[in-house]
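*Asks:* Sharing a structure, written as structure tokens. Questions coming.
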Amino acid sequence: MKGIVRTVVQLLYGSGLQRWLTRIGLCMTIVGYGALESGWPAGARPLFAIIGMLGAAITVISPVVVGAIMFRTLSAPRCVQLIPNGRLKLLLGAFSAQVLLSSFIAACLSVNLTDGPGAHAPPLGMTTMSGFMAVFFAYAFSILTFIFLNFYFMMQFRLAFLAWLGYLFIPQMLSHAFPQLDLGARLTTQQGLVTVFTASVLAWPLFAIGYIRQRRIRVFQDWRLIGLNSSSPRGSSQRRLSGRASNAATPLRYQQRQAVRILLMGTSDVRQLLFCTLAICAFFLTAMLTITGGNESDRGAFVWAFMACVFAGITPTFRMSVRSLRAKCLWLTARMDREELFTTVEKLGWNTLLPVAGTAMALATALLMAKMHGPPAPAQLVSILVVPLTIGASWIYIGMLLVRGRRLADTALLAGYTVLLMVELFSAVLDSTSSTLSALLGANIIALPLLRLIAQRRWQNIDWLIHKRSATQLTGQ
Amino acid sequence: MTESLITTRGLGKTIGSKTILRDVSVAVSPGTVVGIIGKNGAGKTTLLEILLGFSPASSGTAQLFGHDSFTLPAAIRGRIGFVPQQDELVNPITGRQQLALIAALQARWNHELIDRLQSAWEVPLDQTIQELSGGERQKLSILLALGHEPDVLLLDEPMASLDPVSRRQFLQEIIEIASAQSRTVLFSTHIISDLERIADQIWIVRRGTVAWAGPLDDLKESVVRLTITSRAALPATLPVTAALSQQVAGQRANAVVMHWSDAEHARLRQELDADIEVEPLSLEDIFVEFHK
């Protein structure tokens, strides 16, 4: 029992960031839904409903995304096989974690439906709170099981996450090819829900048989969350590396700038990395717009383009914190002062952001022109042009200012910025031409010099004894 | 009098509510090989990292070449070589590429030395770094620190993953570097026999303080085990000034003491009216006694 509980805690509350997100999320959920339940005036109810929803999203996002990765990492060590029923305990822990998460999501959605603002159609004709909860639980559990098992199996391959695009395309292709099946509508019937839920529940014992009997569970190195990166790669990965190595056997010379860039990026394939990021951005953008089959509304087209631009801002800059860790070795080897180190890391951030953001802006604008029925509103066009650079720049400086260890103020800043990003996304979805989105983006732009100033000040006294992480993060690609 | 190359005065480091170092005052003359020993978490790495300017001191001062460590000028930093406890190599590239990268950053690079050491230590440079074993990674890290022929070499547990043959070769190299070119070497280790082999000076770090700093021979002469046999019952606490440990049982007592001298011997014998047997300790025993 202790092993199962520990697994649940590890999956839901394991890492430092996860703990902070959970605390912040739960506080927001309790405040938001607590206020809704206690009968505040009607004018304040939408605000509390949004706070509650955001809180719930912040609470569940980390275990949903990281849970399966953590689970596989916990399962991988050989010593797990020496513990009596070790794998079974881990599996039951993972299952319990999904049940807990589903219950939490179901409870939040039910409160939102019964006490939240606006009129909502009750799901599948349910009228009671327990009925809502049962329906939402079934949906949430099915979706979480699907995500968990997919992430678990995908962890063996570096680019496996691209398979998720398949899940976006396949339903579209099926509904285009077989419109008479009416898959979407079937899923929202009682029969459809029961089928999906039963399949999800049955998936666990089937998964358990394979999981418990598996001789060796491996974790692809880049996905490893805990433990040191000491084992050698095997199979195709090793062949690829050996091939690369034999090509590089000749004596080499680097320019100083080039050496600094490689040491900061942690890879010599900088162009390949940039190309991959660009290709993924372009692929996502095209995929999103293709999924809607050309029948999307003007607002739909804008939302897809906007999301692609957000993605283009985040992708090239989300590893800034690791780059700032790697800068430590340049203090001695490249004899760079802290001010120079700051400028170099910052410049590298911009150098990786600009091509990706530029491409995303160009593609988004072109596709918006092609897909919208009329010319896009100036506010929409400005948003598309501003978003990738603003978000990218924010991540650059937030990544660079998180150099004082895990502090409450820094976690609050990170959480606050994530909330701002989500509110920007919500605003884009709700009304892209409203002044709210422009105001939020304007506030974001105004905050940039402040973020840079804080980051720069912190780098003047950067303490590498505090700003340190595991060897895996420093040496991995 | 030789001017000290490394000096700390009242050095302290606190992170949050945890005190890692307190009141560390040590000095190192040029051409000295200093071995630092201490239990895990004693503060060895913190001390080295403060000396290198990776972290500011919370109190006191740390100086290298007469400059404050945290604001070391670039020219001074170019005269330092460092092997960290956790290597900072780039996994997806080859050892040869990693060497070329660091060589590109350094003002000078002794290719001959690196080629010689690489073939002597059998470092596979054409494999990607993630394919190397822990020992091979460590050897590569040492090559990276030696290539620019630094005047001061700081090594944080450099021999932890090396096999006995490589360790012996490495120690020989350190002796040559230190003696032939009068370089200063500071290294932390848990392998006591290595210290005895090459260190001129020993620092014993205990709970954030340097409990002993001085020549190895002085340490061995200074710390001894006493077996005391008295004609009367001995007091519960022996009247010795610097006891590391003591057990008293009636007329017999055992104690390990620091700063032992003939005068202290005579004083104690007279005071206790006892026979005192003095036994020298091995460095490993001394280390254990320091941490009891």
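Quick note on naming: the chains in the structure tokens go A, B, ... in the order shown, residues restart at 1 in each chain, and ligands are numbered from 1 in order of appearance.
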Pick out the chain B residues within 7 Å of chain A. Count only C-alpha atoms. Give them as number ranges by chain.
*Replies:* B: 54-56, 74, 77-78, 86, 88-94, 97, 100-102, 104-106, 126-128, 130-131
*Asks:* Please return as a PyMOL selection string: the residues of segment 62-237 of chain B that backbone DSSP assigns to strand (DSSP E).
*Replies:* chain B and resi 62-64+67-68+80-83+152-156+184-188+201-206+209-215+224-230
*Asks:* Report, in Å with one decimal, the straight-line distance from atom CA of Gly135 of chain B to atom CA of Ile202 of chain B.
*Replies:*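 Atom CA of Ile202 of chain B lies 25.1 Å from atom CA of Gly135 of chain B.
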*Asks:* Please list as a ChimeraX atom specification every residue within 8 Å of Gly25 of chain A, counting only C-alpha atoms and excluding residues in the same chain fewer than 2 positions away.
*Replies:* /A:21-23,27-29,54-59
*Asks:* Using DSSP assignments from the backbone, pull out every residue in segment 286-370 of chain A that falls under helix (DSSP H, G or I) and give it to me as a ChimeraX atom specification.
*Replies:* /A:286-291,298-317,320-326,328-333,338-370
*Asks:* Determine, counting only C-alpha atoms, which protein, DNA and RNA residues have an atom within 9 Å of an atom of segment 261-274 of chain B; residues of the same chain fewer than 2 positions away are not included. Present the result as a ChimeraX atom specification.
*Replies:* /B:221-222,228-232,234-235,238-240,251,259,276,278
*Asks:* Have a look at atom CA of Lys292 of chain B and atom CA of Asp217 of chain B and let me know their distance in Å, one decimal.
*Replies:* 21.8 Å
*Asks:* Which residue is closest to Leu171 of chain B? Choose from B:Asn254, B:Ser193, B:Thr61, B:Ser25 and count only C-alpha atoms.
*Replies:*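 Selected residue with least distance to Leu171 of chain B: B:Ser193.
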*Asks:* Could you check which of B:Ile80, B:Met258, B:Val224, B:Leu162 is closest to Leu64 of chain B, using only C-alpha atoms?
*Replies:*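 Under the stated criterion, the closest residue is B:Ile80.
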*Asks:* At what distance in Å, to one decimal, does atom CA of Ala180 of chain B lie from atom CA of Pro30 of chain B?
*Replies:*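 Answer for the atom CA of Pro30 of chain B to atom CA of Ala180 of chain B separation: 12.5 Å.
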*Asks:* Write out as a tab-separated table (two decimals) with N, CA and C atoms, in the first residue's frame which residues come within 8 Å of segment 75-89 of chain A when counting only C-alpha atoms, dropping same-chain ones fewer than 6 positions away.
*Replies:*
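around-v6.tsv was written with the following content:
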```tsv
chain	number	residue	atom	x	y	z
A	1	MET	N	0.84	-1.21	0.00
A	1	MET	CA	0.00	0.00	0.00
A	1	MET	C	0.87	1.26	0.00
A	3	GLY	N	3.88	1.57	-1.16
A	3	GLY	CA	4.50	1.73	-2.47
A	3	GLY	C	3.54	2.40	-3.45
A	4	ILE	N	2.27	2.02	-3.38
A	4	ILE	CA	1.27	2.58	-4.30
A	4	ILE	C	1.08	4.07	-3.99
A	7	THR	N	3.99	6.09	-5.16
A	7	THR	CA	3.97	6.27	-6.62
A	7	THR	C	3.00	7.39	-6.99
A	208	ALA	N	-1.13	-3.90	-18.19
A	208	ALA	CA	-0.45	-4.50	-17.03
A	208	ALA	C	0.24	-5.80	-17.39
A	211	TYR	N	3.33	-4.96	-19.34
A	211	TYR	CA	4.27	-4.17	-18.52
A	211	TYR	C	4.97	-5.04	-17.49
A	212	ILE	N	4.20	-5.88	-16.81
A	212	ILE	CA	4.80	-6.69	-15.73
A	212	ILE	C	5.70	-7.77	-16.31
A	216	ARG	N	12.93	-5.90	-19.87
A	216	ARG	CA	13.74	-4.70	-19.58
A	216	ARG	C	12.99	-3.47	-20.10
A	217	ILE	N	12.80	-2.51	-19.24
A	217	ILE	CA	12.15	-1.27	-19.67
A	217	ILE	C	13.25	-0.23	-19.87
A	218	ARG	N	13.31	0.32	-21.07
A	218	ARG	CA	14.36	1.30	-21.35
A	218	ARG	C	13.75	2.69	-21.48
A	219	VAL	N	14.57	3.67	-21.19
A	219	VAL	CA	14.11	5.06	-21.32
A	219	VAL	C	15.05	5.76	-22.29
```
*Asks:* Fewer than 6 positions away in the same chain doesn't count, so skip those; otherwise give me all residues within 7 Å of segment 35-48 of chain B, counting only C-alpha atoms, as a list in words.
*Replies:* Ile20, Leu21, Asp156, Leu186, Phe187, Ser188, Thr189, His190, Leu195, Ala199, Gln201, Ile202, Trp203, Ile204, Val205, Arg206, Arg207 and Gly208 of chain B
*Asks:* Counting only C-alpha atoms, which of B:Ala242, B:Val257, B:Ile114, B:Val185 gets nearest to Val34 of chain B?
*Replies:*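 Looking only at the distances to Val34 of chain B, the closest residue turns out to be B:Val185.
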